[in-house]
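Inspection log for the structure reproduced underneath, given as C-alpha cells.
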2 protein chains.
Amino acid sequence: MNKSDIKNAGLKITLPRVKILTKLESSDKRHWSAEELYQELISDGEIISLATVYRVLTQFEHANIVLRHHFDNDSTQSVFELNNTEHHDHMVSIKTGKVVEFYDEDIEKRQKLVAKKYKFKIQDHSLVLYGEFEDE
Amino acid sequence: MNKSDIKNAGLKITLPRVKILTKLESSDKRHWSAEELYQELISDGEIISLATVYRVLTQFEHANIVLRHHFDNDSTQSVFELNNTEHHDHMVSIKTGKVVEFYDEDIEKRQKLVAKKYKFKIQDHSLVLYGEFEDE
DNA sequence: CTACGTGCAAACGGTTTGCAATTCC
DNA sequence: GGAATTGCAAACCGTTTGCACGTAG
C-alpha cells in the first residue's frame, strides 16, 4: 500500500516519490531503467528530473521497495523492479530486451549446497539467462 | 600457447598483446579488472597505456581468449578472466572481493529445462553468488 | 612500405553530487 | 520554521575514440 511504504522507509511522502511508486505499481511493465521511468513520467505530463528518479530509486532500493538488476547484456544501465513478488531469476532476450521471470526450486537448493561445500554464506545471488524466445 | 592464440584471432603479435596474455597466463590471479592489469604491468616496469589494455582485452574477448564478467557488486568495472578452463560460475565475497569458481551439473541441467519450458534458446548465462567465506 | 596498433587526451554514457530554491510536516 | 527534498548543471568514473605517431610483417 503505496504511501506507507515510503513512510516506513523513513522518507517524506513527496510528489516525486509517490509518482514513481504509483507508476511502478500500476504498470504492466515490471522492469524499468531510470531513463525509461523518467521518460514515461514526463510523457504522462509529470514534472520531475532524471536526478530525482535516480535518487528515489536508490532510496527505494535501500528500503527494499525495489530491486536493482544489471542485465549487462546490451547496455550498462541499471534495471529496477518493484519488490512485491517472491524471489525469482530472469531470462533476458538479447534480441528484444524482453525479460521473463522464473523460479526453480532445484536451482535454489543446489546453490545452497554449493555454498555449504565452500563454506560460503550466500547473501544474494544473481542468475540471468541470455538468449532468444522462439516467438520473436 | 601464447602467441598463436593472438595470431589465430587475426591480430598482429605486438608487445602489449603479448605482455597482457603472458600476465594472464602466468599469474595465479585469475580475475582482473582492466585497471588492475594495467597497474600490475606498470609496476612490472612495462610501458603500456590503459586505453591499450582496454582495447586488447576487448579484442581478446571477441576472440574468446578471455571472458568478461560484471560482478556488479562493489563496482561497475568489468572483470576479465582467461578462457582456458571449463565453464563455471562464480562466488564473490562482498567483504574481500575474493572470487571462487564452481561448477554444478544440476544447475546447468535445470537451466536448460527452464529454458525449454519457456521456449527460450539460451546463448549465455551468468550466475553469481554474493556473500562471505567463513574464513575471512 | 603500409596496414595495423598504440599513446594521449578528449569524449562518452550512465549515474551521482553541490548548491540554491522549494516542499513537506 | 526548519529539516528534508528537489532541479539544475557540473562532476564523476569506467570505458571508448579520433588522431598523429610508431611498429610488425
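By convention in this document, the chains of the C-alpha cells carry letters A, B, ... by their order, each chain's residues are numbered from 1, and ligands are numbered from 1 in the order they are shown.
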
Might you pull out every residue within 8 Å of range 4-19 of chain D, with only C-alpha atoms (C1' of nucleotides) counted and same-chain residues fewer than 3 positions away left off, and present them as an mmCIF file with C-alpha atoms (C1' of nucleotides), in the first residue's frame?
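Written file, out_4.cif:
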```cif
data_model
loop_
_atom_site.group_PDB
_atom_site.id
_atom_site.type_symbol
_atom_site.label_atom_id
_atom_site.label_comp_id
_atom_site.auth_asym_id
_atom_site.auth_seq_id
_atom_site.Cartn_x
_atom_site.Cartn_y
_atom_site.Cartn_z
ATOM 1 C CA LYS A 12 8.905 12.005 3.414
ATOM 2 C CA THR A 14 6.768 13.763 -1.652
ATOM 3 C CA SER A 49 14.041 15.406 -13.064
ATOM 4 C CA ALA A 51 18.374 13.103 -10.988
ATOM 5 C CA THR A 52 15.386 12.712 -8.716
ATOM 6 C CA TYR B 54 41.037 -1.971 -22.680
ATOM 7 C CA THR B 76 30.742 -1.324 -12.106
ATOM 8 C CA GLN B 77 34.061 -2.453 -13.524
ATOM 9 C "C1'" DA C 11 34.654 12.440 -25.436
ATOM 10 C "C1'" DC C 12 31.234 9.325 -23.874
ATOM 11 C "C1'" DT C 16 25.965 10.999 -8.628
ATOM 12 C "C1'" DT C 17 26.534 15.359 -6.306
ATOM 13 C "C1'" DT C 22 11.288 24.534 -2.789
ATOM 14 C "C1'" DT C 23 8.292 21.434 -0.272
ATOM 15 C "C1'" DC C 24 6.596 18.730 3.454
#
```

(request) Just the residues within 8 Å of range 20-25 of chain A, please, counting only C-alpha atoms (C1' of nucleotides), with nothing from its chain fewer than 2 positions along; format it as JSON, numbers by chain. (result) {"A": [2, 16, 17, 18, 27, 29, 30, 37, 41, 53, 81, 82]}

Export, as a tab-separated table (two decimals), in the first residue's frame, the selected residues with N, CA, C and O atoms.
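Result saved to result-v4.tsv:
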```tsv
chain	number	residue	atom	x	y	z
A	2	ASN	N	1.15	1.65	-1.20
A	2	ASN	CA	1.74	2.91	-1.61
A	2	ASN	C	2.47	3.80	-0.58
A	2	ASN	O	3.66	3.60	-0.33
A	16	PRO	N	7.30	13.47	-6.13
A	16	PRO	CA	8.11	12.60	-6.98
A	16	PRO	C	8.09	11.15	-6.52
A	16	PRO	O	7.96	10.23	-7.33
A	17	ARG	N	8.20	10.94	-5.22
A	17	ARG	CA	8.24	9.57	-4.71
A	17	ARG	C	6.92	8.85	-4.96
A	17	ARG	O	6.90	7.67	-5.33
A	18	VAL	N	5.83	9.56	-4.73
A	18	VAL	CA	4.52	8.94	-4.93
A	18	VAL	C	4.31	8.63	-6.41
A	18	VAL	O	3.83	7.55	-6.77
A	27	SER	N	1.79	-0.16	-13.45
A	27	SER	CA	2.14	-0.51	-14.82
A	27	SER	C	2.29	-2.02	-15.00
A	27	SER	O	2.70	-2.73	-14.08
A	29	LYS	N	4.37	-3.19	-17.14
A	29	LYS	CA	5.82	-3.30	-17.28
A	29	LYS	C	6.45	-3.44	-15.91
A	29	LYS	O	6.22	-2.62	-15.03
A	30	ARG	N	7.27	-4.46	-15.74
A	30	ARG	CA	7.86	-4.68	-14.42
A	30	ARG	C	9.32	-4.24	-14.34
A	30	ARG	O	9.82	-3.96	-13.25
A	37	LEU	N	11.74	5.13	-16.95
A	37	LEU	CA	10.78	5.59	-15.96
A	37	LEU	C	10.62	7.11	-16.05
A	37	LEU	O	9.50	7.64	-16.04
A	41	LEU	N	7.18	9.13	-17.13
A	41	LEU	CA	6.55	10.13	-16.26
A	41	LEU	C	6.41	11.46	-16.99
A	41	LEU	O	5.38	12.12	-16.92
A	53	VAL	N	14.72	10.88	-10.14
A	53	VAL	CA	14.36	9.49	-10.40
A	53	VAL	C	15.48	8.58	-9.89
A	53	VAL	O	15.22	7.60	-9.19
A	81	GLU	N	12.99	-3.08	-10.50
A	81	GLU	CA	11.70	-3.79	-10.48
A	81	GLU	C	11.13	-3.70	-9.08
A	81	GLU	O	11.86	-3.75	-8.09
A	82	LEU	N	9.82	-3.56	-8.99
A	82	LEU	CA	9.13	-3.49	-7.71
A	82	LEU	C	9.32	-4.81	-6.97
A	82	LEU	O	9.12	-5.88	-7.52
```

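Inside range 49-112 of chain A, the residues DSSP reads as alpha helix (DSSP H) when given the backbone are Leu50, Ala51, Thr52, Val53, Tyr54, Arg55, Val56, Leu57, Thr58, Gln59, Phe60, Glu61, His62, Glu105, Asp106, Ile107, Glu108, Lys109, Arg110, Gln111 and Lys112 of chain A.
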
Between chain B and chain A, at 6 Å or less, what are the per-residue closest atom pairs and their distances in Å? Count only C-alpha atoms, order by chain and rising residue number, and return it as a tab-separated table.
```
residue	atom	partner	partner_atom	distance
B:Ile107	CA	A:Ile107	CA	5.4
B:Lys119	CA	A:Glu134	CA	5.7
B:Phe120	CA	A:Phe133	CA	4.3
B:Lys121	CA	A:Glu132	CA	5.2
B:Ile122	CA	A:Gly131	CA	4.4
B:Gln123	CA	A:Gly131	CA	4.7
B:Asp124	CA	A:Tyr130	CA	5.1
B:His125	CA	A:Leu129	CA	4.3
B:Ser126	CA	A:Val128	CA	5.3
B:Leu127	CA	A:Leu127	CA	4.3
B:Val128	CA	A:Ser126	CA	5.3
B:Leu129	CA	A:His125	CA	4.3
B:Tyr130	CA	A:Asp124	CA	5.1
B:Gly131	CA	A:Ile122	CA	4.4
B:Glu132	CA	A:Lys121	CA	5.2
B:Phe133	CA	A:Phe120	CA	4.3
B:Glu134	CA	A:Lys119	CA	5.7
```

(request) Name the residues in contact with DA24 in chain D at a cut-off of 12 Å, using only C-alpha atoms (C1' of nucleotides), excluding same-chain residues fewer than 3 positions from it; report them as number ranges by chain. (result) B: 11-15; C: 1-5

Mind writing the picked residues with N, CA, C and O atoms (P, O5', C5', C4', C3', O3' and C1' of nucleotides) as a PDB file, in the first residue's frame?
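Saved to part37.pdb:
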```pdb
ATOM      1  N   LEU B  11      45.077 -11.069 -35.194  1.00  0.00           N
ATOM      2  CA  LEU B  11      45.715  -9.884 -34.620  1.00  0.00           C
ATOM      3  C   LEU B  11      47.226  -9.987 -34.752  1.00  0.00           C
ATOM      4  O   LEU B  11      47.785 -11.078 -34.650  1.00  0.00           O
ATOM      5  N   LYS B  12      47.849  -8.858 -34.959  1.00  0.00           N
ATOM      6  CA  LYS B  12      49.310  -8.839 -35.009  1.00  0.00           C
ATOM      7  C   LYS B  12      49.892  -9.133 -33.640  1.00  0.00           C
ATOM      8  O   LYS B  12      49.312  -8.771 -32.618  1.00  0.00           O
ATOM      9  N   ILE B  13      51.036  -9.765 -33.640  1.00  0.00           N
ATOM     10  CA  ILE B  13      51.683 -10.087 -32.378  1.00  0.00           C
ATOM     11  C   ILE B  13      52.499  -8.886 -31.924  1.00  0.00           C
ATOM     12  O   ILE B  13      53.654  -8.720 -32.296  1.00  0.00           O
ATOM     13  N   THR B  14      51.881  -8.063 -31.126  1.00  0.00           N
ATOM     14  CA  THR B  14      52.549  -6.845 -30.666  1.00  0.00           C
ATOM     15  C   THR B  14      52.961  -7.001 -29.213  1.00  0.00           C
ATOM     16  O   THR B  14      52.426  -7.859 -28.502  1.00  0.00           O
ATOM     17  N   LEU B  15      53.873  -6.145 -28.791  1.00  0.00           N
ATOM     18  CA  LEU B  15      54.359  -6.210 -27.424  1.00  0.00           C
ATOM     19  C   LEU B  15      53.229  -6.117 -26.408  1.00  0.00           C
ATOM     20  O   LEU B  15      53.144  -6.966 -25.504  1.00  0.00           O
TER      21      LEU B  15
ATOM     22  P    DC C   1      59.989   2.971 -48.900  1.00  0.00           P
ATOM     23  O5'  DC C   1      58.485   2.437 -48.984  1.00  0.00           O
ATOM     24  C5'  DC C   1      58.229   1.423 -49.963  1.00  0.00           C
ATOM     25  C4'  DC C   1      56.996   0.658 -49.555  1.00  0.00           C
ATOM     26  C3'  DC C   1      55.826   1.556 -49.163  1.00  0.00           C
ATOM     27  O3'  DC C   1      54.653   0.904 -49.646  1.00  0.00           O
ATOM     28  C1'  DC C   1      56.341   0.109 -47.369  1.00  0.00           C
ATOM     29  P    DT C   2      53.371   1.724 -50.101  1.00  0.00           P
ATOM     30  O5'  DT C   2      52.311   1.216 -49.014  1.00  0.00           O
ATOM     31  C5'  DT C   2      52.082  -0.194 -48.845  1.00  0.00           C
ATOM     32  C4'  DT C   2      51.390  -0.413 -47.507  1.00  0.00           C
ATOM     33  C3'  DT C   2      50.474   0.741 -47.071  1.00  0.00           C
ATOM     34  O3'  DT C   2      49.349   0.208 -46.434  1.00  0.00           O
ATOM     35  C1'  DT C   2      51.959   0.272 -45.371  1.00  0.00           C
ATOM     36  P    DA C   3      47.930   0.054 -47.208  1.00  0.00           P
ATOM     37  O5'  DA C   3      47.178  -0.953 -46.220  1.00  0.00           O
ATOM     38  C5'  DA C   3      47.627  -2.296 -46.137  1.00  0.00           C
ATOM     39  C4'  DA C   3      47.656  -2.764 -44.680  1.00  0.00           C
ATOM     40  C3'  DA C   3      46.405  -2.395 -43.889  1.00  0.00           C
ATOM     41  O3'  DA C   3      46.078  -3.521 -43.086  1.00  0.00           O
ATOM     42  C1'  DA C   3      48.294  -1.534 -42.785  1.00  0.00           C
ATOM     43  P    DC C   4      44.734  -3.617 -42.242  1.00  0.00           P
ATOM     44  O5'  DC C   4      45.275  -3.938 -40.779  1.00  0.00           O
ATOM     45  C5'  DC C   4      46.481  -4.652 -40.597  1.00  0.00           C
ATOM     46  C4'  DC C   4      47.130  -4.189 -39.309  1.00  0.00           C
ATOM     47  C3'  DC C   4      46.132  -3.948 -38.166  1.00  0.00           C
ATOM     48  O3'  DC C   4      46.539  -4.778 -37.103  1.00  0.00           O
ATOM     49  C1'  DC C   4      47.680  -2.174 -38.313  1.00  0.00           C
ATOM     50  P    DG C   5      45.828  -4.745 -35.721  1.00  0.00           P
ATOM     51  O5'  DG C   5      46.768  -3.748 -34.902  1.00  0.00           O
ATOM     52  C5'  DG C   5      48.086  -4.178 -34.602  1.00  0.00           C
ATOM     53  C4'  DG C   5      48.731  -3.188 -33.655  1.00  0.00           C
ATOM     54  C3'  DG C   5      47.933  -2.928 -32.372  1.00  0.00           C
ATOM     55  O3'  DG C   5      48.864  -3.022 -31.301  1.00  0.00           O
ATOM     56  C1'  DG C   5      48.396  -0.882 -33.473  1.00  0.00           C
TER      57       DG C   5
END
```

(request) as number ranges by chain, please: all residues of chain B that backbone DSSP puts in strand (DSSP E). (result) B: 32-33, 66-69, 79-82, 89-93, 99-102, 120-133

Export, as a PDB file, in the first residue's frame, the selected residues with C-alpha atoms.
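Wrote again.pdb, looks like this:
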```pdb
ATOM      1  CA  TRP B  32      41.366  -8.922 -13.266  1.00  0.00           C
ATOM      2  CA  SER B  33      39.857  -5.533 -13.859  1.00  0.00           C
ATOM      3  CA  VAL B  66      39.192 -14.051 -22.285  1.00  0.00           C
ATOM      4  CA  LEU B  67      35.755 -13.835 -20.710  1.00  0.00           C
ATOM      5  CA  ARG B  68      34.287 -10.600 -19.429  1.00  0.00           C
ATOM      6  CA  HIS B  69      32.212 -10.627 -16.264  1.00  0.00           C
ATOM      7  CA  VAL B  79      36.357  -8.306 -14.713  1.00  0.00           C
ATOM      8  CA  PHE B  80      38.343 -10.395 -17.160  1.00  0.00           C
ATOM      9  CA  GLU B  81      39.476 -13.976 -16.901  1.00  0.00           C
ATOM     10  CA  LEU B  82      41.488 -16.178 -19.225  1.00  0.00           C
ATOM     11  CA  ASP B  89      30.096 -19.911 -12.303  1.00  0.00           C
ATOM     12  CA  HIS B  90      31.340 -17.645  -9.520  1.00  0.00           C
ATOM     13  CA  MET B  91      31.050 -16.927  -5.835  1.00  0.00           C
ATOM     14  CA  VAL B  92      32.151 -13.414  -4.918  1.00  0.00           C
ATOM     15  CA  SER B  93      32.929 -12.207  -1.414  1.00  0.00           C
ATOM     16  CA  VAL B  99      36.310 -14.847  -6.332  1.00  0.00           C
ATOM     17  CA  VAL B 100      35.912 -18.615  -6.324  1.00  0.00           C
ATOM     18  CA  GLU B 101      34.813 -20.622  -9.315  1.00  0.00           C
ATOM     19  CA  PHE B 102      32.391 -23.525  -9.093  1.00  0.00           C
ATOM     20  CA  PHE B 120      13.885 -19.919 -24.793  1.00  0.00           C
ATOM     21  CA  LYS B 121      17.193 -20.534 -26.539  1.00  0.00           C
ATOM     22  CA  ILE B 122      19.999 -19.930 -24.060  1.00  0.00           C
ATOM     23  CA  GLN B 123      23.054 -18.351 -25.603  1.00  0.00           C
ATOM     24  CA  ASP B 124      24.776 -17.479 -22.395  1.00  0.00           C
ATOM     25  CA  HIS B 125      24.129 -17.259 -18.708  1.00  0.00           C
ATOM     26  CA  SER B 126      25.531 -15.586 -15.675  1.00  0.00           C
ATOM     27  CA  LEU B 127      25.263 -16.967 -12.172  1.00  0.00           C
ATOM     28  CA  VAL B 128      26.981 -15.189  -9.322  1.00  0.00           C
ATOM     29  CA  LEU B 129      26.592 -15.873  -5.630  1.00  0.00           C
ATOM     30  CA  TYR B 130      27.396 -12.922  -3.380  1.00  0.00           C
ATOM     31  CA  GLY B 131      28.287 -13.444   0.266  1.00  0.00           C
ATOM     32  CA  GLU B 132      31.189 -14.203   2.546  1.00  0.00           C
ATOM     33  CA  PHE B 133      33.538 -17.077   3.074  1.00  0.00           C
TER      34      PHE B 133
END
```

Same-sequence superposition of chain A onto chain B, all C-alpha, as a compact mmCIF listing (two decimals) with C-alpha atoms, in the first residue's frame:
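out33.txt, freshly written:
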```
# COMPACT_ATOMS: atom_id res chain seq x y z
CA MET A 1 50.11 -21.48 -26.46
CA ASN A 2 50.48 -17.75 -26.22
CA LYS A 3 51.29 -16.11 -29.55
CA SER A 4 49.36 -18.38 -31.84
CA ASP A 5 46.16 -17.51 -29.98
CA ILE A 6 46.74 -13.90 -30.88
CA LYS A 7 47.50 -14.73 -34.48
CA ASN A 8 44.49 -17.02 -34.76
CA ALA A 9 42.31 -14.15 -33.71
CA GLY A 10 43.55 -12.23 -36.74
CA LEU A 11 45.57 -9.86 -34.62
CA LYS A 12 49.16 -8.81 -35.03
CA ILE A 13 51.56 -10.06 -32.43
CA THR A 14 52.44 -6.84 -30.71
CA LEU A 15 54.29 -6.23 -27.50
CA PRO A 16 51.25 -5.01 -25.53
CA ARG A 17 49.21 -8.04 -26.56
CA VAL A 18 51.93 -10.49 -25.66
CA LYS A 19 52.54 -8.81 -22.31
CA ILE A 20 48.87 -8.93 -21.40
CA LEU A 21 48.37 -12.52 -22.48
CA THR A 22 51.56 -13.61 -20.73
CA LYS A 23 50.48 -11.93 -17.53
CA LEU A 24 47.09 -13.61 -17.66
CA GLU A 25 48.68 -16.98 -18.32
CA SER A 26 51.45 -16.77 -15.78
CA SER A 27 49.64 -15.27 -12.83
CA ASP A 28 47.88 -17.17 -10.06
CA LYS A 29 45.31 -14.40 -10.01
CA ARG A 30 42.56 -15.35 -12.42
CA HIS A 31 40.20 -12.36 -12.21
CA TRP A 32 41.41 -8.93 -13.23
CA SER A 33 39.91 -5.54 -13.80
CA ALA A 34 41.50 -3.61 -16.67
CA GLU A 35 42.91 -1.17 -14.14
CA GLU A 36 44.47 -3.92 -12.02
CA LEU A 37 46.08 -5.49 -15.05
CA TYR A 38 47.37 -2.11 -16.15
CA GLN A 39 48.83 -1.33 -12.72
CA GLU A 40 50.45 -4.73 -12.48
CA LEU A 41 52.13 -4.34 -15.86
CA ILE A 42 53.30 -0.86 -14.98
CA SER A 43 54.79 -2.06 -11.71
CA ASP A 44 56.49 -4.82 -13.68
CA GLY A 45 58.21 -1.97 -15.46
CA GLU A 46 56.30 -2.39 -18.68
CA ILE A 47 55.29 0.59 -20.73
CA ILE A 48 51.67 0.39 -21.80
CA SER A 49 48.59 2.60 -21.65
CA LEU A 50 45.29 1.91 -19.98
CA ALA A 51 43.53 2.53 -23.29
CA THR A 52 45.52 -0.25 -24.88
CA VAL A 53 44.73 -2.61 -22.03
CA TYR A 54 41.05 -1.95 -22.63
CA ARG A 55 41.39 -2.33 -26.38
CA VAL A 56 43.32 -5.57 -26.15
CA LEU A 57 41.02 -7.09 -23.55
CA THR A 58 38.02 -6.26 -25.71
CA GLN A 59 39.70 -7.86 -28.72
CA PHE A 60 40.58 -10.91 -26.64
CA GLU A 61 37.01 -11.09 -25.47
CA HIS A 62 35.73 -11.18 -29.04
CA ALA A 63 38.32 -13.82 -29.87
CA ASN A 64 37.15 -15.85 -26.87
CA ILE A 65 40.58 -15.69 -25.34
CA VAL A 66 39.16 -14.03 -22.25
CA LEU A 67 35.74 -13.81 -20.66
CA ARG A 68 34.30 -10.57 -19.36
CA HIS A 69 32.24 -10.58 -16.20
CA HIS A 70 30.30 -7.93 -14.34
CA PHE A 71 30.41 -8.63 -10.64
CA ASP A 72 28.35 -5.49 -10.22
CA ASN A 73 28.52 -5.91 -6.58
CA ASP A 74 31.05 -3.42 -5.29
CA SER A 75 31.78 -1.49 -8.43
CA THR A 76 30.81 -1.24 -12.04
CA GLN A 77 34.14 -2.42 -13.44
CA SER A 78 34.43 -5.28 -15.85
CA VAL A 79 36.39 -8.27 -14.65
CA PHE A 80 38.36 -10.38 -17.11
CA GLU A 81 39.49 -13.98 -16.87
CA LEU A 82 41.47 -16.19 -19.21
CA ASN A 83 39.11 -18.54 -21.01
CA ASN A 84 41.26 -21.62 -20.63
CA THR A 85 39.13 -23.74 -18.32
CA GLU A 86 35.79 -25.48 -18.39
CA HIS A 87 32.67 -23.40 -17.95
CA HIS A 88 32.01 -22.39 -14.38
CA ASP A 89 30.11 -19.90 -12.28
CA HIS A 90 31.33 -17.62 -9.49
CA MET A 91 31.02 -16.89 -5.80
CA VAL A 92 32.12 -13.37 -4.91
CA SER A 93 32.87 -12.17 -1.40
CA ILE A 94 31.17 -8.89 -0.66
CA LYS A 95 33.74 -8.40 2.08
CA THR A 96 37.04 -8.99 0.33
CA GLY A 97 36.17 -9.28 -3.33
CA LYS A 98 37.61 -12.79 -3.37
CA VAL A 99 36.30 -14.83 -6.29
CA VAL A 100 35.89 -18.60 -6.27
CA GLU A 101 34.80 -20.62 -9.27
CA PHE A 102 32.39 -23.51 -9.04
CA TYR A 103 30.53 -25.82 -11.33
CA ASP A 104 27.31 -27.67 -10.65
CA GLU A 105 26.00 -30.08 -13.21
CA ASP A 106 22.48 -30.00 -11.79
CA ILE A 107 22.23 -26.24 -12.01
CA GLU A 108 23.32 -26.37 -15.64
CA LYS A 109 20.74 -29.07 -16.38
CA ARG A 110 17.94 -27.23 -14.65
CA GLN A 111 18.73 -24.08 -16.57
CA LYS A 112 18.35 -25.97 -19.81
CA LEU A 113 15.06 -27.40 -18.60
CA VAL A 114 13.72 -24.00 -17.67
CA ALA A 115 14.77 -22.64 -21.05
CA LYS A 116 12.99 -25.47 -22.82
CA LYS A 117 9.84 -24.82 -20.84
CA TYR A 118 9.82 -21.19 -21.97
CA LYS A 119 10.92 -22.01 -25.52
CA PHE A 120 14.05 -20.00 -24.92
CA LYS A 121 17.38 -20.63 -26.64
CA ILE A 122 20.14 -19.99 -24.12
CA GLN A 123 23.21 -18.41 -25.62
CA ASP A 124 24.90 -17.54 -22.39
CA HIS A 125 24.22 -17.28 -18.74
CA SER A 126 25.58 -15.60 -15.69
CA LEU A 127 25.28 -16.96 -12.18
CA VAL A 128 26.98 -15.16 -9.34
CA LEU A 129 26.56 -15.84 -5.64
CA TYR A 130 27.34 -12.89 -3.40
CA GLY A 131 28.21 -13.40 0.26
CA GLU A 132 31.11 -14.15 2.56
CA PHE A 133 33.45 -17.03 3.11
CA GLU A 134 33.55 -18.28 6.67
CA ASP A 135 37.27 -17.78 6.97
CA GLU A 136 37.50 -14.11 6.16
```

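Here C1' of DG7 in chain C and C1' of DT23 in chain D stand 13.1 Å from one another.
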